[in-house]
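Asks: One structure, pasted below without further comment.
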Amino acid sequence: MNEIKVSPNGRVAFVSGANRGIGRAITIELLEKGAKKVYAGVRNLKSMDDLKPEYGARLVPVFLDLRDDKSIIKATKLTKDVDILINNAGVYESGGFCSDETLDSMAVNFEVNVWGLVKLTVSLIDRLKQREIAAIVNISSVLGLASMPIAGAYCASKAAVHSITQGLRGELFMTNILVMGVYPGPIDTEMTEDLEMEKDSPVNVAREIVQGLADGNEYVFPDVMSKQVGELYLTEPITVERQFAHFVSQVEEA
Ligand SMILES: NC(=O)c1ccc[n+]([C@@H]2O[C@H](COP(=O)([O-])OP(=O)(O)OC[C@H]3O[C@@H](n4cnc5c(N)ncnc54)[C@H](OP(=O)(O)O)[C@@H]3O)[C@@H](O)[C@H]2O)c1
């Protein structure tokens, strides 16, 4: 295990999907904890305007569309001094593997959640290696650890993020880079607005991630539900798989 602690104080971060939800909360938390600068990867540069009076030049919106290779290249050219990369941007396209929409759903989830994340990371990795210490934070999901039938395609994309995180951690072992995987449960953002269940707040998730960086944690289960799943996953992964697999039928029966 790398013993790298990456306090945000005085460091430069790049957060994808910074304009809303978990990404916005992480951006604010990093700035509150003393980050020198946060590049906010967004598709609408004006979407951070309301935070400018508070954070001024420390908050730098950068155009980033993970479905557009040119925008990824351009964004990474503008963010040469980054120490902490937060791969947060993501989409949730519902659907499993037994419908007419399966291939479309797979394509959308994978294009942003997997290919976008990999392209952005690969574009920045040499830069990160040159920093004194650095971090790559990938937002997976508890659904990346076990699949839920209504969302099989999304789960597969988040499982890929989990595997990519493990792969990066292995390759970057004994370097200057901390590789953190984050596995949230249901969080109250636009992504889950149609989901009727108890949800934790993006602010709590952001606090756990930023504290996790300072503590040098490789795995972060940032909310009430994910802490329970995380504990079970570490000892009995098959039980998590069975519970998630039957979650939909339990909801339908209720
Ligand atoms: N909410 C949850 O319950 C939950 C649980 C586990 C994991 N997660 C993960 O946490 C991350 C953040 O989710 P959230 O809940 O904050 O979702 P959200 O509120 O829907 O925000 C998603 C963010 O991703 C950005 N994004 C989407 N497609 C993009 C693209 N092609 N290029 C660049 N940015 C793009 C969005 O930008 P626009 O505003 O421009 O669309 C937005 O900033 C995601 O990776 C998600 O899978 C969420």
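Residues are named by chain letter and number: chains run A, B, ... in the order of the structure tokens, numbers start at 1 in each chain, and ligands are numbered from 1 in the order shown.
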With a cut-off of 6 Å, could you pull out the residues of chain A touching ligand 1 and give me the nearest pair of atoms for each, distance in Å to one decimal, using only C-alpha atoms and all ligand atoms, ordered by chain and ascending number, as CSV?
Replies:
```
residue,atom,partner,partner_atom_place_in_ligand_line,distance
A:Gly17,CA,ligand 1,43 (O),3.3
A:Ala18,CA,ligand 1,43 (O),5.2
A:Asn19,CA,ligand 1,43 (O),4.8
A:Arg20,CA,ligand 1,43 (O),4.8
A:Gly21,CA,ligand 1,16 (O),3.4
A:Ile22,CA,ligand 1,16 (O),3.8
A:Gly23,CA,ligand 1,16 (O),5.6
A:Val42,CA,ligand 1,34 (N),6.0
A:Arg43,CA,ligand 1,40 (O),4.6
A:Leu64,CA,ligand 1,33 (C),5.4
A:Asp65,CA,ligand 1,32 (N),3.5
A:Leu66,CA,ligand 1,32 (N),3.8
A:Arg67,CA,ligand 1,31 (N),4.8
A:Asn88,CA,ligand 1,45 (O),4.7
A:Ala89,CA,ligand 1,24 (O),3.5
A:Gly90,CA,ligand 1,45 (O),3.6
A:Val91,CA,ligand 1,27 (C),5.2
A:Val112,CA,ligand 1,31 (N),5.4
A:Ile139,CA,ligand 1,45 (O),5.4
A:Ser140,CA,ligand 1,7 (C),5.6
A:Ser141,CA,ligand 1,6 (C),4.1
A:Pro184,CA,ligand 1,6 (C),4.3
A:Gly185,CA,ligand 1,5 (C),4.9
A:Pro186,CA,ligand 1,3 (O),3.5
A:Ile187,CA,ligand 1,3 (O),3.7
A:Asp188,CA,ligand 1,1 (N),5.8
A:Thr189,CA,ligand 1,19 (O),4.6
A:Glu190,CA,ligand 1,19 (O),4.4
A:Met191,CA,ligand 1,20 (O),3.9
A:Thr192,CA,ligand 1,1 (N),5.4
```
Asks: Could you write out the selected residues, including C-alpha atoms, as an mmCIF file, in the first residue's frame?
Replies:
```cif
data_model
loop_
_atom_site.group_PDB
_atom_site.id
_atom_site.type_symbol
_atom_site.label_atom_id
_atom_site.label_comp_id
_atom_site.auth_asym_id
_atom_site.auth_seq_id
_atom_site.Cartn_x
_atom_site.Cartn_y
_atom_site.Cartn_z
ATOM 1 C CA GLY A 17 -18.561 17.349 -13.581
ATOM 2 C CA ALA A 18 -17.967 20.180 -11.101
ATOM 3 C CA ASN A 19 -21.131 22.163 -11.775
ATOM 4 C CA ARG A 20 -23.653 20.115 -9.818
ATOM 5 C CA GLY A 21 -24.234 17.244 -7.445
ATOM 6 C CA ILE A 22 -21.265 15.491 -5.885
ATOM 7 C CA GLY A 23 -18.729 17.264 -8.129
ATOM 8 C CA VAL A 42 -17.876 21.750 -16.859
ATOM 9 C CA ARG A 43 -19.895 21.789 -20.070
ATOM 10 C CA LEU A 64 -14.850 19.599 -20.527
ATOM 11 C CA ASP A 65 -17.133 17.236 -22.407
ATOM 12 C CA LEU A 66 -16.057 13.654 -21.858
ATOM 13 C CA ARG A 67 -17.766 12.612 -25.109
ATOM 14 C CA ASN A 88 -16.433 12.495 -10.875
ATOM 15 C CA ALA A 89 -18.472 13.252 -14.047
ATOM 16 C CA GLY A 90 -20.862 10.481 -14.881
ATOM 17 C CA VAL A 91 -24.198 9.525 -16.359
ATOM 18 C CA VAL A 112 -18.843 8.802 -20.332
ATOM 19 C CA ILE A 139 -15.971 7.868 -8.316
ATOM 20 C CA SER A 140 -17.337 4.360 -8.800
ATOM 21 C CA SER A 141 -20.427 3.275 -6.816
ATOM 22 C CA PRO A 184 -21.154 5.943 -2.839
ATOM 23 C CA GLY A 185 -24.607 4.578 -2.130
ATOM 24 C CA PRO A 186 -27.694 6.673 -2.994
ATOM 25 C CA ILE A 187 -26.873 10.388 -2.832
ATOM 26 C CA ASP A 188 -29.349 13.240 -3.190
ATOM 27 C CA THR A 189 -28.501 14.714 -6.609
ATOM 28 C CA GLU A 190 -30.211 15.143 -9.985
ATOM 29 C CA MET A 191 -28.988 11.667 -10.906
ATOM 30 C CA THR A 192 -31.248 10.087 -8.282
#
```
Asks: Find the nearest atom pair between each residue of stretch 86-105 of chain A and stretch 144-149 of chain A for residues within 10 Å, count only C-alpha atoms, give distances in Å to one decimal, sort rows by chain and ascending number, and present the table as CSV.
Replies:
```
residue,atom,partner,partner_atom,distance
A:Ser94,CA,A:Pro149,CA,9.6
A:Gly95,CA,A:Pro149,CA,7.9
A:Gly96,CA,A:Pro149,CA,5.9
A:Phe97,CA,A:Pro149,CA,8.4
A:Cys98,CA,A:Pro149,CA,9.8
```
Asks: If we count only C-alpha atoms, what is near A:Gln130 at a cut-off of 12 Å, once residues fewer than 6 positions away on the same chain are taken out, given as a list in words?
Replies: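 Residues meeting the cut-off are Lys80, Asp81, Val82, Asp83, Leu124, Thr175, Asn176 and Ile177 of chain A.
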Asks: Mind dumping the selected residues with N, CA and C atoms as a compact mmCIF listing (two decimals), in the first residue's frame?
Replies:
```txt
# COMPACT_ATOMS: atom_id res chain seq x y z
N LYS A 80 -2.04 22.17 -16.51
CA LYS A 80 -0.70 21.56 -16.41
C LYS A 80 -0.21 21.35 -14.98
N ASP A 81 -0.73 22.17 -14.05
CA ASP A 81 -0.18 22.15 -12.69
C ASP A 81 -1.02 21.31 -11.73
N VAL A 82 -1.83 20.40 -12.26
CA VAL A 82 -2.76 19.68 -11.38
C VAL A 82 -2.06 18.61 -10.54
N ASP A 83 -2.45 18.57 -9.25
CA ASP A 83 -1.93 17.54 -8.32
C ASP A 83 -2.97 16.47 -8.06
N LEU A 124 -3.56 13.05 -18.34
CA LEU A 124 -2.94 13.81 -17.24
C LEU A 124 -1.88 13.03 -16.47
N THR A 175 4.80 4.79 -6.39
CA THR A 175 5.08 6.10 -7.00
C THR A 175 4.57 7.18 -6.05
N ASN A 176 4.49 8.40 -6.58
CA ASN A 176 4.03 9.55 -5.79
C ASN A 176 2.51 9.71 -5.81
N ILE A 177 1.80 8.75 -6.46
CA ILE A 177 0.37 8.97 -6.70
C ILE A 177 -0.52 8.05 -5.85
```
Asks: Show me, as number ranges by chain, the residues that have an atom within 7 Å of stretch 2-15 of chain A when counting only C-alpha atoms, minus same-chain residues fewer than 5 positions from it.
Replies: A: 23, 27, 30, 33-41, 81-88, 133-135, 173-174, 178, 213-216
Asks: When distances are computed from only C-alpha atoms, which of A:Val182, A:Val203, A:Ile73, A:Leu31 shows the smallest separation from A:Ala57?
Replies: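 Ranking A:Val182, A:Val203, A:Ile73, A:Leu31 by distance to A:Ala57, first place goes to A:Leu31.
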Asks: Give me every strand (DSSP E or B) residue in stretch 77-251 of chain A, going by DSSP on the backbone, as a list in words.
Replies: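 The strand (DSSP E or B) residues within stretch 77-251 of chain A come out as Ile84, Leu85, Ile86, Asn87, Ala134, Ala135, Ile136, Val137, Asn138, Ile139, Ile177, Leu178, Val179, Met180, Gly181, Val182, Ile187, Asp200, Tyr219 and Val220 of chain A.
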Asks: To test your reading of the structure, identify every residue in stretch 6-180 of chain A that backbone DSSP assigns to alpha helix (DSSP H), and report it as a ChimeraX atom specification.
Replies: /A:21-32,52-55,69-78,102-109,117-130,152-171
Asks: Contacts of A:Glu29 at 7 Å or less, counting only C-alpha atoms, minus same-chain residues fewer than 4 places along, as a list in words?
Replies: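 Listing them by chain and then by number gives Ala25, Lys33, Ala206 and Arg207 of chain A.
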Asks: Using only C-alpha atoms, which residue out of A:Ser123, A:Tyr55, A:Asn109, A:Leu232 lies closest to A:Leu78?
Replies: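 Checking each candidate against A:Leu78, we get A:Ser123 as the closest.
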Asks: Have a look at A:Leu51, A:Ile150, A:Leu128, A:Val224 and name the one nearest to A:Thr79; count only C-alpha atoms.
Replies: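 Looking only at the distances to A:Thr79, the closest residue turns out to be A:Leu128.
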Asks: For A:Gly212, which residue among A:Leu59, A:Glu54, A:Glu93, A:Gly181 is the nearest when counting only C-alpha atoms?
Replies: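 Between A:Leu59, A:Glu54, A:Glu93, A:Gly181, the residue approaching A:Gly212 most closely is A:Gly181.
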Asks: With distances taken over only C-alpha atoms, which of A:Val108, A:Arg58, A:Glu236, A:His162 is nearest to A:Glu218?
Replies: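 With only C-alpha atoms as the atom set, the closest residue is A:His162.
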